[in-house]
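Listing of data.cif; format and content: mmCIF, C-alpha atoms and all ligand atoms.
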data_run
loop_
_atom_site.label_atom_id
_atom_site.label_comp_id
_atom_site.auth_asym_id
_atom_site.auth_seq_id
_atom_site.Cartn_x
_atom_site.Cartn_y
_atom_site.Cartn_z
CA MET K 1184 0.00 0.00 0.00
CA ILE K 1185 1.34 3.50 -0.76
CA GLY K 1186 -0.63 6.39 0.56
CA TRP K 1187 -4.17 5.74 -0.45
CA LEU K 1188 -3.30 3.27 -3.18
CA ARG K 1189 -3.89 -0.38 -2.56
CA ARG K 1190 -2.98 -3.29 -4.78
CA MET K 1191 -6.01 -5.53 -4.98
CA ALA K 1192 -4.95 -9.18 -4.80
CA ALA K 1193 -7.01 -11.61 -6.86
CA THR K 1194 -7.91 -13.45 -3.66
CA ARG K 1195 -9.03 -10.33 -1.78
CA ARG K 1196 -12.71 -9.57 -1.37
CA PRO K 1197 -13.50 -6.55 -3.55
CA LEU K 1198 -14.10 -3.30 -1.66
CA SER K 1199 -17.39 -1.52 -2.12
CA GLN K 1200 -17.11 1.41 -4.54
CA VAL K 1201 -17.85 5.01 -3.63
CA SER K 1202 -18.33 7.99 -5.93
CA SER K 1203 -15.83 10.83 -5.88
CA ASP K 1204 -18.28 13.05 -3.94
CA THR K 1205 -18.89 10.43 -1.24
CA GLY K 1206 -15.22 9.48 -1.01
CA TYR K 1207 -13.99 13.07 -0.59
CA GLN K 1208 -16.69 13.78 1.94
CA MET K 1209 -15.15 10.97 4.02
CA TRP K 1210 -11.58 12.06 3.35
CA ALA K 1211 -11.86 15.85 3.50
CA PRO K 1212 -11.13 16.23 7.24
CA THR K 1213 -7.75 14.48 6.92
CA TYR K 1214 -6.79 14.84 3.21
CA GLY K 1215 -3.09 15.64 2.79
CA ASP K 1216 -2.52 15.81 6.51
CA PRO K 1217 0.30 14.87 6.24
CA PRO K 1218 0.81 14.17 2.48
CA ASN K 1219 1.11 10.43 1.82
CA THR K 1220 3.90 8.85 -0.24
CA PHE K 1221 1.88 8.95 -3.44
CA GLN K 1222 0.95 12.62 -2.97
CA GLN K 1223 4.60 13.45 -2.32
CA LEU K 1224 5.77 11.63 -5.47
CA GLU K 1225 3.10 13.35 -7.58
CA HIS K 1226 3.74 16.79 -6.10
CA GLU K 1227 7.49 16.56 -6.65
CA ALA K 1228 6.97 15.73 -10.35
CA LEU K 1229 4.22 18.33 -10.76
CA THR K 1230 6.34 21.13 -9.32
CA THR K 1231 9.17 20.13 -11.68
CA LEU K 1232 6.92 20.59 -14.69
CA LEU K 1233 5.26 23.84 -13.62
CA PRO K 1234 6.25 26.73 -15.90
CA PRO K 1235 7.22 30.04 -14.24
CA VAL K 1236 4.02 31.41 -12.68
CA HIS K 1237 5.18 34.78 -11.38
CA GLY K 1238 2.52 37.37 -12.24
CA CYS K 1239 0.22 34.75 -13.77
CA THR K 1240 -3.48 34.04 -13.39
CA VAL K 1241 -3.91 30.32 -12.73
CA LEU K 1242 -6.87 27.94 -12.58
CA ASP K 1243 -6.37 25.03 -10.16
CA LEU K 1244 -9.10 22.68 -11.40
CA GLY K 1245 -10.06 19.97 -8.88
CA CYS K 1246 -8.11 21.97 -6.29
CA GLY K 1247 -9.37 19.91 -3.33
CA THR K 1248 -8.01 21.38 -0.11
CA GLY K 1249 -5.71 23.74 -2.02
CA ARG K 1250 -2.46 21.74 -1.79
CA THR K 1251 -1.23 22.93 -5.21
CA THR K 1252 -2.87 26.36 -4.92
CA THR K 1253 -0.49 27.09 -2.05
CA THR K 1254 2.53 26.15 -4.17
CA LEU K 1255 1.31 28.38 -7.02
CA LEU K 1256 0.88 31.37 -4.71
CA ASP K 1257 4.25 30.70 -3.05
CA ARG K 1258 5.81 30.81 -6.52
CA GLY K 1259 4.37 34.26 -7.19
CA ALA K 1260 1.12 33.68 -9.11
CA THR K 1261 -0.92 36.88 -8.93
CA LEU K 1262 -4.31 35.20 -8.86
CA VAL K 1263 -5.26 31.56 -8.36
CA VAL K 1264 -8.83 30.38 -8.79
CA GLY K 1265 -9.41 27.01 -7.12
CA ILE K 1266 -12.42 25.08 -8.42
CA ASP K 1267 -13.72 21.81 -7.02
CA ARG K 1268 -17.10 20.10 -6.91
CA SER K 1269 -16.67 18.82 -3.33
CA ARG K 1270 -17.94 21.27 -0.73
CA PRO K 1271 -16.12 19.56 2.21
CA MET K 1272 -12.79 19.67 0.32
CA LEU K 1273 -13.31 23.36 -0.54
CA ARG K 1274 -14.30 24.08 3.07
CA ARG K 1275 -10.84 22.89 4.12
CA ALA K 1276 -9.27 25.11 1.43
CA VAL K 1277 -11.20 28.14 2.64
CA ASP K 1278 -10.40 27.43 6.30
CA GLY K 1279 -6.76 26.66 5.52
CA GLY K 1280 -5.50 30.15 6.17
CA PRO K 1281 -5.30 33.66 4.76
CA ARG K 1282 -4.43 32.69 1.20
CA PRO K 1283 -5.29 35.23 -1.50
CA ALA K 1284 -7.04 32.60 -3.63
CA HIS K 1285 -10.59 32.51 -4.98
CA TRP K 1286 -12.53 29.33 -4.38
CA LEU K 1287 -15.52 28.21 -6.44
CA GLN K 1288 -17.65 25.11 -6.19
CA ALA K 1289 -18.27 23.83 -9.72
CA ASP K 1290 -17.89 20.82 -11.95
CA ALA K 1291 -14.90 20.60 -14.27
CA ALA K 1292 -17.30 20.06 -17.16
CA ALA K 1293 -18.75 23.59 -16.72
CA VAL K 1294 -16.05 25.98 -15.50
CA PRO K 1295 -17.59 29.32 -14.45
CA LEU K 1296 -14.86 31.47 -16.06
CA ALA K 1297 -14.81 33.49 -19.27
CA ASP K 1298 -12.89 32.41 -22.37
CA GLY K 1299 -9.12 32.93 -22.50
CA VAL K 1300 -8.70 34.47 -19.05
CA VAL K 1301 -6.03 32.23 -17.49
CA ASP K 1302 -2.32 31.83 -18.25
CA LEU K 1303 -2.06 28.32 -16.79
CA VAL K 1304 -4.42 25.50 -15.87
CA VAL K 1305 -3.28 22.98 -13.26
CA CYS K 1306 -5.41 19.87 -12.78
CA GLY K 1307 -4.01 17.51 -10.16
CA LEU K 1308 -5.28 13.97 -9.51
CA MET K 1309 -8.79 14.71 -10.70
CA LEU K 1310 -9.40 13.37 -14.20
CA GLY K 1311 -9.41 9.69 -13.17
CA HIS K 1312 -12.64 10.50 -11.35
CA VAL K 1313 -14.25 11.67 -14.61
CA GLU K 1314 -15.64 9.22 -17.14
CA ASP K 1315 -15.43 11.49 -20.20
CA LEU K 1316 -12.10 13.32 -20.41
CA ARG K 1317 -13.18 15.52 -23.28
CA ARG K 1318 -15.58 17.85 -21.45
CA PRO K 1319 -13.14 19.00 -18.75
CA ILE K 1320 -10.35 19.27 -21.33
CA ASP K 1321 -12.62 21.34 -23.61
CA GLU K 1322 -13.21 23.64 -20.65
CA MET K 1323 -9.50 23.90 -19.83
CA ALA K 1324 -8.78 24.78 -23.47
CA ARG K 1325 -11.57 27.35 -23.50
CA VAL K 1326 -10.47 29.32 -20.41
CA LEU K 1327 -6.77 29.19 -21.35
CA ARG K 1328 -5.28 32.10 -23.29
CA PRO K 1329 -3.48 31.35 -26.57
CA GLY K 1330 0.07 30.23 -25.70
CA GLY K 1331 -1.00 29.25 -22.15
CA ALA K 1332 0.06 25.98 -20.53
CA LEU K 1333 -1.74 23.08 -18.84
CA VAL K 1334 -0.17 20.85 -16.21
CA VAL K 1335 -2.18 17.69 -15.58
CA SER K 1336 -1.41 14.86 -13.18
CA ASP K 1337 -3.18 11.67 -12.23
CA PHE K 1338 -2.95 8.14 -11.04
CA HIS K 1339 -1.17 6.23 -13.83
CA PRO K 1340 -3.52 4.20 -16.09
CA ALA K 1341 -0.97 1.36 -16.08
CA ALA K 1342 -1.31 1.16 -12.29
CA THR K 1343 -5.10 0.80 -12.61
CA ILE K 1344 -4.60 -1.93 -15.18
CA ARG K 1345 -2.11 -3.66 -12.81
CA GLY K 1346 -4.83 -3.75 -10.13
CA TRP K 1347 -4.00 -0.71 -7.98
CA ARG K 1348 -6.98 1.19 -6.64
CA ARG K 1349 -7.49 4.51 -4.87
CA THR K 1350 -9.09 3.80 -1.53
CA VAL K 1351 -10.59 5.83 1.27
CA MET K 1352 -11.41 4.99 4.90
CA ASP K 1353 -14.84 5.94 6.21
CA PRO K 1354 -14.01 7.60 9.54
CA VAL K 1355 -17.48 6.72 10.91
CA SER K 1356 -17.67 2.99 10.10
CA GLY K 1357 -13.91 2.38 9.91
CA ARG K 1358 -14.53 0.57 6.58
CA GLU K 1359 -12.26 0.98 3.57
CA HIS K 1360 -13.84 1.77 0.20
CA GLU K 1361 -12.57 1.93 -3.34
CA PHE K 1362 -13.06 5.12 -5.39
CA GLU K 1363 -14.90 4.79 -8.68
CA GLN K 1364 -12.05 5.24 -11.13
CA HIS K 1365 -11.52 5.59 -14.89
CA ALA K 1366 -8.23 4.56 -16.50
CA HIS K 1367 -7.64 7.07 -19.31
CA LEU K 1368 -4.65 6.16 -21.46
CA LEU K 1369 -2.06 8.82 -22.22
CA SER K 1370 -3.19 8.56 -25.84
CA ASP K 1371 -6.73 9.48 -24.68
CA TYR K 1372 -5.25 12.70 -23.24
CA ALA K 1373 -3.31 13.33 -26.45
CA ASP K 1374 -6.52 12.88 -28.49
CA ALA K 1375 -8.57 15.17 -26.20
CA PHE K 1376 -5.85 17.85 -26.43
CA ALA K 1377 -5.49 17.48 -30.20
CA ARG K 1378 -9.12 18.62 -30.65
CA HIS K 1379 -7.82 22.05 -29.57
CA GLY K 1380 -4.41 21.90 -31.24
CA ILE K 1381 -2.85 21.43 -27.79
CA ALA K 1382 0.43 19.51 -27.85
CA MET K 1383 2.18 17.72 -25.01
CA GLU K 1384 5.61 19.15 -24.30
CA ALA K 1385 6.83 17.24 -21.22
CA LEU K 1386 5.94 14.07 -19.31
CA ARG K 1387 7.03 12.53 -15.99
CA GLU K 1388 5.98 9.11 -14.68
CA PRO K 1389 6.90 8.90 -10.99
CA SER K 1390 7.48 5.30 -9.90
CA HIS K 1391 7.22 3.30 -6.73
CA GLU K 1392 9.21 0.05 -6.49
CA GLY K 1393 10.08 0.32 -10.18
CA GLN K 1394 6.53 0.78 -11.47
CA ALA K 1395 4.86 3.97 -12.66
CA VAL K 1396 2.12 5.00 -10.24
CA ALA K 1397 1.41 8.54 -11.43
CA PHE K 1398 1.94 10.72 -14.47
CA VAL K 1399 2.35 14.45 -14.84
CA LEU K 1400 2.25 16.14 -18.23
CA ARG K 1401 2.67 19.66 -19.47
CA ALA K 1402 0.92 20.75 -22.67
CA ARG K 1403 0.46 24.08 -24.42
CA LYS K 1404 -2.30 25.82 -26.37
CA PRO K 1405 -0.98 27.20 -29.66
CA MET K 1406 -0.60 30.96 -30.04
CA ASP K 1407 -2.71 31.02 -33.18
CA ARG K 1408 -5.82 29.45 -31.58
CA PRO K 1409 -8.49 32.07 -31.14
CA VAL K 1410 -9.96 32.48 -27.67
C1 LIG O 1501 -7.28 13.56 -5.26
S1 LIG O 1501 -8.16 15.07 -5.05
C2 LIG O 1501 -6.91 16.18 -5.67
C3 LIG O 1501 -6.96 17.53 -5.03
C4 LIG O 1501 -5.77 18.43 -5.39
N1 LIG O 1501 -5.72 18.70 -6.80
C5 LIG O 1501 -4.49 17.78 -4.93
O1 LIG O 1501 -3.68 17.41 -5.79
O2 LIG O 1501 -4.32 17.63 -3.72
C6 LIG O 1501 -9.33 15.09 -6.40
C7 LIG O 1501 -10.29 16.26 -6.33
O3 LIG O 1501 -10.99 16.32 -7.57
C8 LIG O 1501 -12.32 16.73 -7.27
N2 LIG O 1501 -13.19 16.35 -8.38
C9 LIG O 1501 -13.51 15.10 -8.81
N3 LIG O 1501 -14.31 15.16 -9.88
C10 LIG O 1501 -14.51 16.48 -10.14
C11 LIG O 1501 -15.24 17.18 -11.15
N4 LIG O 1501 -15.94 16.53 -12.09
N5 LIG O 1501 -15.22 18.53 -11.12
C12 LIG O 1501 -14.53 19.20 -10.16
N6 LIG O 1501 -13.82 18.59 -9.19
C13 LIG O 1501 -13.79 17.24 -9.18
C14 LIG O 1501 -12.66 16.02 -5.97
O4 LIG O 1501 -13.75 16.62 -5.32
C15 LIG O 1501 -11.34 16.14 -5.21
O5 LIG O 1501 -11.30 17.28 -4.39
#

Transcribe the structure of this file into structure tokens.
Amino acid sequence: MIGWLRRMAATRRPLSQVSSDTGYQMWAPTYGDPPNTFQQLEHEALTTLLPPVHGCTVLDLGCGTGRTTTTLLDRGATLVVGIDRSRPMLRRAVDGGPRPAHWLQADAAAVPLADGVVDLVVCGLMLGHVEDLRRPIDEMARVLRPGGALVVSDFHPAATIRGWRRTVMDPVSGREHEFEQHAHLLSDYADAFARHGIAMEALREPSHEGQAVAFVLRARKPMDRPV
């Protein structure tokens, strides 16, 4: 087990599945407190791929408790908008201290921002919870200015295929549950980006015991795409 990942043995009784909303309601009070091994591996790779953010307006989509938002503000972003659909996760972000961020509760498939207003979109560990990648990626492309970058991370699809699952402990019953999860291949991301002329420019695949458990990619919207 690493962090909240568990390898499901063929002999093990399957865990009951919970939706993202139910799972994060259970996890919100303790999420990232302290960061688990998986979150540390992902965050290290994500911060390596972040472009310079000084003076930038950034959307942190699926911001959760604001783990990455803090890094973006520490690196000099002028404005960070954190969007998440989970109220309990956002509550922790809001209560987390006097950060000059803006928090909005919304779904990634309908981002409440105007076209072309952000310099960078960061989307950490969220898209595996979404069945159809295209709608959130369409929204990221829409709100991004021409020439802007996207940094996306998630649980590695190869890990899902190898039997690893994201799990969460219900603090009330003490029972462990498995998150509903969708294994999007890296080629699915490439295809969803290509609809907007967005090209991948860097990729990291952090490993644990020699096997990729996460991926982080950076991609860029072309300058000649109209807003
Ligand atoms: C693993 S947490 C990641 C939080 C943060 N990005 C981080 O790296 O710590 C995934 C977050 O994605 C959010 N999420 C899942 N599906 C979403 C959707 N369709 N729209 C917006 N947020 C979503 C969840 O509520 C949760 O807070």

Could you pull out the residues sitting within 9 Å of ligand LIG 1501 (chain O), using all atoms listed in the file, and write them as a PyMOL selection string? chain K and resi 1203-1204+1206-1208+1211+1214-1215+1218+1222+1225-1226+1243-1252+1266-1273+1288-1294+1305-1314+1319+1336-1337

By how many Å are CA of Ala1366 (chain K) and CA of Leu1255 (chain K) apart?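 Those two atoms sit 27.4 Å apart.
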
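CA of Pro1212 (chain K) is positioned 28.3 Å from CA of His1367 (chain K).
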
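CA of Asp1216 (chain K) is found 18.7 Å from CA of Leu1229 (chain K).
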
Do you know which residues are at most 9 Å from region 1331-1334 of chain K counting all atoms listed in the file, after dropping those on the same chain fewer than 4 positions away, and could you put them as a list in words?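 The filter keeps Leu1229, Leu1232, Leu1233, Pro1234, Gly1299, Val1301, Asp1302, Leu1303, Val1304, Val1305, Cys1306, Gly1307, Met1323, Ala1324, Leu1327, Val1399, Leu1400, Arg1401, Ala1402, Arg1403, Lys1404, Pro1405 and Met1406 of chain K.
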
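Surrounding residues of (6.5, 6.2, -7.5) at most 10 Å away are Ile1185, Thr1220, Phe1221, Gln1222, Gln1223, Leu1224, Glu1225, Ala1228, His1339, Glu1388, Pro1389, Ser1390, His1391, Glu1392, Gly1393, Gln1394, Ala1395, Val1396, Ala1397 and Phe1398 of chain K (based on all atoms listed in the file).
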
What would the file look like if the residues just selected were written as a compact mmCIF listing (two decimals), in the coordinates of the input with C-alpha atoms?
# COMPACT_ATOMS: atom_id res chain seq x y z
CA ILE K 1185 1.34 3.50 -0.76
CA THR K 1220 3.90 8.85 -0.24
CA PHE K 1221 1.88 8.95 -3.44
CA GLN K 1222 0.95 12.62 -2.97
CA GLN K 1223 4.60 13.45 -2.32
CA LEU K 1224 5.77 11.63 -5.47
CA GLU K 1225 3.10 13.35 -7.58
CA ALA K 1228 6.97 15.73 -10.35
CA HIS K 1339 -1.17 6.23 -13.83
CA GLU K 1388 5.98 9.11 -14.68
CA PRO K 1389 6.90 8.90 -10.99
CA SER K 1390 7.48 5.30 -9.90
CA HIS K 1391 7.22 3.30 -6.73
CA GLU K 1392 9.21 0.05 -6.49
CA GLY K 1393 10.08 0.32 -10.18
CA GLN K 1394 6.53 0.78 -11.47
CA ALA K 1395 4.86 3.97 -12.66
CA VAL K 1396 2.12 5.00 -10.24
CA ALA K 1397 1.41 8.54 -11.43
CA PHE K 1398 1.94 10.72 -14.47

All residues 9 Å or closer to Arg1325 (chain K), all atoms listed in the file, same chain fewer than 4 positions away omitted, as number ranges by chain: K: 1297-1300, 1320-1321, 1379, 1410

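Of the residues under consideration (K:Val1326, K:Leu1368, K:Leu1296, K:Ile1381), K:Leu1368 shows the shortest atom-to-atom contact distance to Phe1338 (chain K) when counting all atoms listed in the file.
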
So, with all atoms listed in the file as the atoms that count, which of K:Gly1380, K:Pro1197, K:Pro1235, K:Gly1279 lies closest to Pro1329 (chain K)? K:Gly1380

Six-sided padding of 8 Å per side, axis-aligned box over region 1392-1403 of chain K, centre and edges in Å, one decimal, as AutoDock Vina command-line options:
--center_x 5.3 --center_y 12.1 --center_z -15.5 --size_x 25.6 --size_y 40.0 --size_z 33.9
